[in-house]
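J.: See work.json below, with JSON, C-alpha atoms.
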```
[["chain", "number", "residue", "atom", "x", "y", "z"],
["A", 1, "MET", "CA", 72.07, 7.93, -28.37],
["A", 2, "LYS", "CA", 73.53, 5.24, -30.61],
["A", 3, "LYS", "CA", 76.92, 5.62, -28.96],
["A", 4, "ILE", "CA", 75.41, 5.18, -25.50],
["A", 5, "SER", "CA", 73.63, 2.01, -26.64],
["A", 6, "VAL", "CA", 76.87, 0.61, -28.03],
["A", 7, "TYR", "CA", 78.76, 1.44, -24.83],
["A", 8, "ILE", "CA", 76.08, -0.18, -22.67],
["A", 9, "PHE", "CA", 76.13, -3.28, -24.87],
["A", 10, "LEU", "CA", 79.92, -3.56, -24.63],
["A", 11, "ILE", "CA", 79.89, -3.07, -20.85],
["A", 12, "LEU", "CA", 77.24, -5.76, -20.43],
["A", 13, "MET", "CA", 79.28, -8.18, -22.54],
["A", 14, "PHE", "CA", 82.35, -7.45, -20.38],
["A", 15, "PHE", "CA", 80.43, -8.06, -17.16],
["A", 16, "ASN", "CA", 79.08, -11.36, -18.44],
["A", 17, "VAL", "CA", 82.63, -12.68, -18.85],
["A", 18, "GLY", "CA", 84.27, -10.60, -16.13],
["A", 19, "PHE", "CA", 82.08, -11.92, -13.33],
["A", 20, "ALA", "CA", 82.17, -15.59, -14.25],
["A", 21, "ALA", "CA", 83.48, -17.27, -11.15],
["A", 22, "ILE", "CA", 83.89, -20.25, -8.89],
["A", 23, "ASN", "CA", 80.70, -22.40, -8.68],
["A", 24, "ASP", "CA", 79.54, -21.42, -12.18],
["A", 25, "ILE", "CA", 78.15, -24.10, -14.46],
["A", 26, "TYR", "CA", 79.60, -24.37, -17.98],
["A", 27, "TYR", "CA", 77.60, -25.84, -20.87],
["A", 28, "CYS", "CA", 79.84, -27.07, -23.67],
["A", 29, "GLU", "CA", 79.67, -28.65, -27.11],
["A", 30, "THR", "CA", 82.66, -30.36, -28.61],
["A", 31, "ASP", "CA", 84.23, -28.99, -31.76],
["A", 32, "LYS", "CA", 86.48, -32.06, -32.13],
["A", 33, "ILE", "CA", 86.95, -35.35, -30.29],
["A", 34, "VAL", "CA", 89.83, -37.41, -31.66],
["A", 35, "LYS", "CA", 91.41, -40.66, -30.48],
["A", 36, "THR", "CA", 94.89, -41.24, -31.88],
["A", 37, "THR", "CA", 96.59, -44.61, -31.47],
["A", 38, "ASP", "CA", 99.78, -46.06, -32.86],
["A", 39, "GLN", "CA", 97.67, -47.51, -35.69],
["A", 40, "GLU", "CA", 94.91, -44.99, -36.47],
["A", 41, "SER", "CA", 93.09, -41.75, -35.72],
["A", 42, "ILE", "CA", 89.34, -41.77, -35.11],
["A", 43, "GLU", "CA", 87.18, -38.66, -34.98],
["A", 44, "PHE", "CA", 83.96, -38.95, -32.97],
["A", 45, "LYS", "CA", 80.67, -37.10, -33.40],
["A", 46, "SER", "CA", 80.06, -33.93, -31.46],
["A", 47, "GLU", "CA", 78.60, -34.21, -27.98],
["A", 48, "LYS", "CA", 77.37, -31.85, -25.29],
["A", 49, "PHE", "CA", 78.54, -31.85, -21.70],
["A", 50, "LYS", "CA", 78.46, -29.65, -18.65],
["A", 51, "PHE", "CA", 80.64, -29.14, -15.63],
["A", 52, "LYS", "CA", 80.55, -27.21, -12.39],
["A", 53, "ARG", "CA", 83.69, -25.29, -11.59],
["A", 54, "THR", "CA", 84.69, -25.22, -7.93],
["A", 55, "GLU", "CA", 87.84, -23.72, -6.51],
["A", 56, "ASN", "CA", 89.70, -27.05, -6.53],
["A", 57, "ASN", "CA", 88.01, -29.21, -9.16],
["A", 58, "LEU", "CA", 85.65, -29.63, -12.09],
["A", 59, "LYS", "CA", 82.60, -31.88, -11.59],
["A", 60, "PHE", "CA", 81.06, -33.11, -14.83],
["A", 61, "GLY", "CA", 77.45, -34.16, -15.37],
["A", 62, "SER", "CA", 76.27, -37.58, -16.47],
["A", 63, "GLY", "CA", 76.49, -38.90, -20.02],
["A", 64, "GLY", "CA", 79.14, -38.76, -22.71],
["A", 65, "PHE", "CA", 82.90, -38.95, -22.44],
["A", 66, "PHE", "CA", 83.08, -37.08, -19.11],
["A", 67, "SER", "CA", 80.15, -38.89, -17.44],
["A", 68, "ASP", "CA", 80.26, -38.19, -13.68],
["A", 69, "TYR", "CA", 83.97, -37.40, -13.92],
["A", 70, "GLU", "CA", 85.95, -35.12, -11.59],
["A", 71, "THR", "CA", 89.38, -33.61, -12.07],
["A", 72, "ASP", "CA", 91.58, -31.19, -10.13],
["A", 73, "VAL", "CA", 91.89, -27.47, -10.86],
["A", 74, "LEU", "CA", 95.50, -26.43, -10.33],
["A", 75, "LEU", "CA", 95.29, -22.75, -11.32],
["A", 76, "ASN", "CA", 92.41, -20.25, -11.20],
["A", 77, "SER", "CA", 92.77, -16.85, -12.78],
["A", 78, "GLY", "CA", 89.37, -15.45, -13.79],
["A", 79, "GLU", "CA", 88.22, -17.15, -16.95],
["A", 80, "TYR", "CA", 91.57, -18.82, -17.42],
["A", 81, "PHE", "CA", 91.95, -22.00, -15.41],
["A", 82, "TRP", "CA", 93.70, -25.31, -15.93],
["A", 83, "GLY", "CA", 94.44, -28.58, -14.18],
["A", 84, "GLY", "CA", 94.29, -32.33, -14.42],
["A", 85, "THR", "CA", 96.46, -35.21, -13.30],
["A", 86, "GLU", "CA", 99.72, -36.82, -14.29],
["A", 87, "TRP", "CA", 98.15, -38.34, -17.43],
["A", 88, "GLU", "CA", 95.58, -35.74, -18.38],
["A", 89, "ARG", "CA", 95.36, -31.97, -18.71],
["A", 90, "PHE", "CA", 92.66, -29.43, -19.42],
["A", 91, "ILE", "CA", 92.76, -25.72, -20.07],
["A", 92, "TYR", "CA", 89.82, -23.33, -20.19],
["A", 93, "TYR", "CA", 90.30, -19.88, -21.67],
["A", 94, "GLU", "CA", 87.64, -17.43, -22.82],
["A", 95, "GLY", "CA", 85.01, -19.95, -23.86],
["A", 96, "LYS", "CA", 87.29, -22.71, -25.14],
["A", 97, "PHE", "CA", 87.86, -25.95, -23.24],
["A", 98, "VAL", "CA", 90.79, -28.14, -24.34],
["A", 99, "PHE", "CA", 91.41, -31.61, -22.86],
["A", 100, "ALA", "CA", 94.08, -34.26, -23.51],
["A", 101, "ASN", "CA", 94.40, -37.74, -22.00],
["A", 102, "LEU", "CA", 97.33, -40.14, -22.48],
["A", 103, "LEU", "CA", 96.91, -43.89, -22.08],
["A", 104, "ASN", "CA", 99.62, -46.50, -22.42],
["A", 105, "THR", "CA", 98.63, -49.81, -20.81],
["A", 106, "HIS", "CA", 99.20, -53.46, -21.51],
["A", 107, "GLY", "CA", 97.02, -56.01, -19.75],
["A", 108, "GLU", "CA", 97.11, -59.79, -20.11],
["A", 109, "ASN", "CA", 95.70, -61.00, -23.43],
["A", 110, "GLU", "CA", 95.47, -57.43, -24.62],
["A", 111, "ASN", "CA", 97.37, -55.51, -27.25],
["A", 112, "PRO", "CA", 99.07, -52.38, -26.00],
["A", 113, "ARG", "CA", 96.67, -49.46, -25.85],
["A", 114, "ASN", "CA", 98.85, -46.52, -26.80],
["A", 115, "GLN", "CA", 96.46, -43.67, -27.33],
["A", 116, "ILE", "CA", 95.78, -39.98, -26.93],
["A", 117, "ILE", "CA", 92.28, -38.60, -26.55],
["A", 118, "SER", "CA", 92.01, -34.92, -27.43],
["A", 119, "ILE", "CA", 88.91, -32.77, -27.08],
["A", 120, "VAL", "CA", 88.27, -29.16, -28.05],
["A", 121, "ALA", "CA", 84.95, -27.63, -27.03],
["A", 122, "THR", "CA", 83.17, -24.30, -26.99],
["A", 123, "CYS", "CA", 81.44, -23.40, -23.72],
["A", 124, "ASP", "CA", 78.93, -20.91, -22.36],
["A", 125, "ILE", "CA", 78.50, -20.00, -18.71],
["A", 126, "PHE", "CA", 75.05, -20.05, -17.07]]
```
For this file, produce the structure as structure tokens.

T.:
Amino acid sequence: MKKISVYIFLILMFFNVGFAAINDIYYCETDKIVKTTDQESIEFKSEKFKFKRTENNLKFGSGGFFSDYETDVLLNSGEYFWGGTEWERFIYYEGKFVFANLLNTHGENENPRNQIISIVATCDIF
């Protein structure tokens, strides 16, 4: 009887991940948010965010770093998907969301803003 219970538990865990799909909503909490410039590195406090995964993009909720943000999904393969733009990339794989954004601008009366934002988060699907 114990073996059957263990097998049922393992099968249910597999189905929870195995059937995650397009149009799911992911609830995430950051493990690390770091901004690195040519002069310093700053680590920010943890924050929560959520996004809806569609076939062609991620749509983030309001608040925090990703407030009302959208980005393109370039590859979907079960619970491995990735995308972004020319200056940003994200990868999601088995509960981990990794994001990187490059910024190198120079406006009038402004010092160059050479920076990288990197985010690592742990997510659950609901």

J.: Kindly give the distance, in Å, that separates atom CA of A:Leu102 and atom CA of A:Ile119, rounded to a single decimal.

T.: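 Spanning atom CA of A:Leu102 to atom CA of A:Ile119 is a straight-line distance of 12.1 Å.
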
J.: Pick from A:Ile117, A:Leu75, A:Ile33, A:Ile42: nearest to A:Tyr93, with all atoms listed in the file counted?

T.: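 Distance minimum relative to A:Tyr93 lands on A:Leu75.
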
J.: One decimal, Å: what's the distance from atom CA of A:Ser46 over to atom CA of A:Ile91, could you say?

T.: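 Atom-to-atom, atom CA of A:Ser46 and atom CA of A:Ile91 are spaced 18.9 Å apart.
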
J.: Around the point (84.6, -29.5, -29.8) in the file's coordinates, collect all residues with an atom within 7 Å, using all atoms listed in the file, and return them as a short mmCIF file (atom, residue, chain, number, x, y, z; two decimals) with C-alpha atoms, in the frame of the given file.

T.:
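Output file selection_23.cif follows:
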```cif
data_model
loop_
_atom_site.label_atom_id
_atom_site.label_comp_id
_atom_site.auth_asym_id
_atom_site.auth_seq_id
_atom_site.Cartn_x
_atom_site.Cartn_y
_atom_site.Cartn_z
CA GLU A 29 79.67 -28.65 -27.11
CA THR A 30 82.66 -30.36 -28.61
CA ASP A 31 84.23 -28.99 -31.76
CA LYS A 32 86.48 -32.06 -32.13
CA ILE A 33 86.95 -35.35 -30.29
CA SER A 46 80.06 -33.93 -31.46
CA ILE A 119 88.91 -32.77 -27.08
CA VAL A 120 88.27 -29.16 -28.05
CA ALA A 121 84.95 -27.63 -27.03
CA THR A 122 83.17 -24.30 -26.99
#
```

J.: Point out the residue among A:Tyr69, A:Gly61, A:Glu43, A:Asn56 with the least atom-to-atom distance to A:Tyr27, counting all atoms listed in the file.

T.: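 Of A:Tyr69, A:Gly61, A:Glu43, A:Asn56, the one nearest A:Tyr27 is A:Gly61, counting all atoms listed in the file.
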
J.: As an exercise, work out the distance from atom CA of A:Thr36 to atom CA of A:Glu70 in Å and give it to one decimal place.

T.: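 Going from atom CA of A:Thr36 over to atom CA of A:Glu70, I get 23.0 Å.
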
J.: May I ask which of the residues A:Ile116, A:Leu103, A:Leu58, A:Phe126 is the closest one to A:Gly84, counting all atoms listed in the file?

T.: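 Of all the options, A:Leu58 lies closest to A:Gly84.
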
J.: I'd like the neighbourhood of A:Tyr92 as a PDB file with C-alpha atoms, in the coordinates of the input, where a residue qualifies if any of its atoms comes within 6 Å (using all atoms listed in the file), though same-chain residues fewer than 4 positions away should be ignored.

T.:
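The resulting result-v1.pdb:
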```pdb
ATOM      1  CA  TYR A  80      91.570 -18.820 -17.420  1.00  0.00           C
ATOM      2  CA  PHE A  81      91.950 -22.000 -15.410  1.00  0.00           C
ATOM      3  CA  LYS A  96      87.290 -22.710 -25.140  1.00  0.00           C
ATOM      4  CA  PHE A  97      87.860 -25.950 -23.240  1.00  0.00           C
TER       5      PHE A  97
END
```

J.: Axis-aligned box over every listed atom of stretch 26-38 of chain A, padded by 3 Å per side: centre and edges in Å to one decimal, as lines of an AutoDock Vina configuration file?

T.:
```
center_x = 88.7
center_y = -35.2
center_z = -25.4
size_x = 28.2
size_y = 27.7
size_z = 20.9
```

J.: Tell me which protein, DNA and RNA residues are within 8 Å of A:Tyr26, counting all atoms listed in the file, leaving out same-chain ones fewer than 5 positions away, and put them as an MDAnalysis selection string.

T.: chainID A and resid 50:53 123:126

J.: What lies within 8 Å of stretch 64-67 of chain A using only C-alpha atoms, ignoring chain neighbours under 6 positions off, as a JSON list (two decimals) with C-alpha atoms, keeping the file's coordinate frame?

T.:
```json
[["chain", "number", "residue", "atom", "x", "y", "z"],
["A", 47, "GLU", "CA", 78.60, -34.21, -27.98],
["A", 48, "LYS", "CA", 77.37, -31.85, -25.29],
["A", 49, "PHE", "CA", 78.54, -31.85, -21.70]]
```

J.: Considering all atoms listed in the file, can you say which of A:Glu55, A:Glu40, A:Asp72, A:Asp24 comes closest to A:Glu88?

T.: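 Looking only at the distances to A:Glu88, the closest residue turns out to be A:Asp72.
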
J.: Could you tell me which of A:Trp87, A:Ala21, A:Asn57, A:Phe44 comes closest to A:Leu74 if we count all atoms listed in the file?

T.: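 Nearest to A:Leu74: A:Asn57.
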
J.: Out of A:Asn101, A:Ile22, A:Ser118, A:Cys28, which residue has the shortest atom-to-atom distance to A:Phe60 when counting all atoms listed in the file?

T.: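 Checking each candidate against A:Phe60, we get A:Cys28 as the closest.
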
J.: Would you mind listing what lies within 9 Å of A:Asp38 as number ranges by chain, with only C-alpha atoms counted and same-chain residues fewer than 6 positions away left out?

T.: A: 113-115
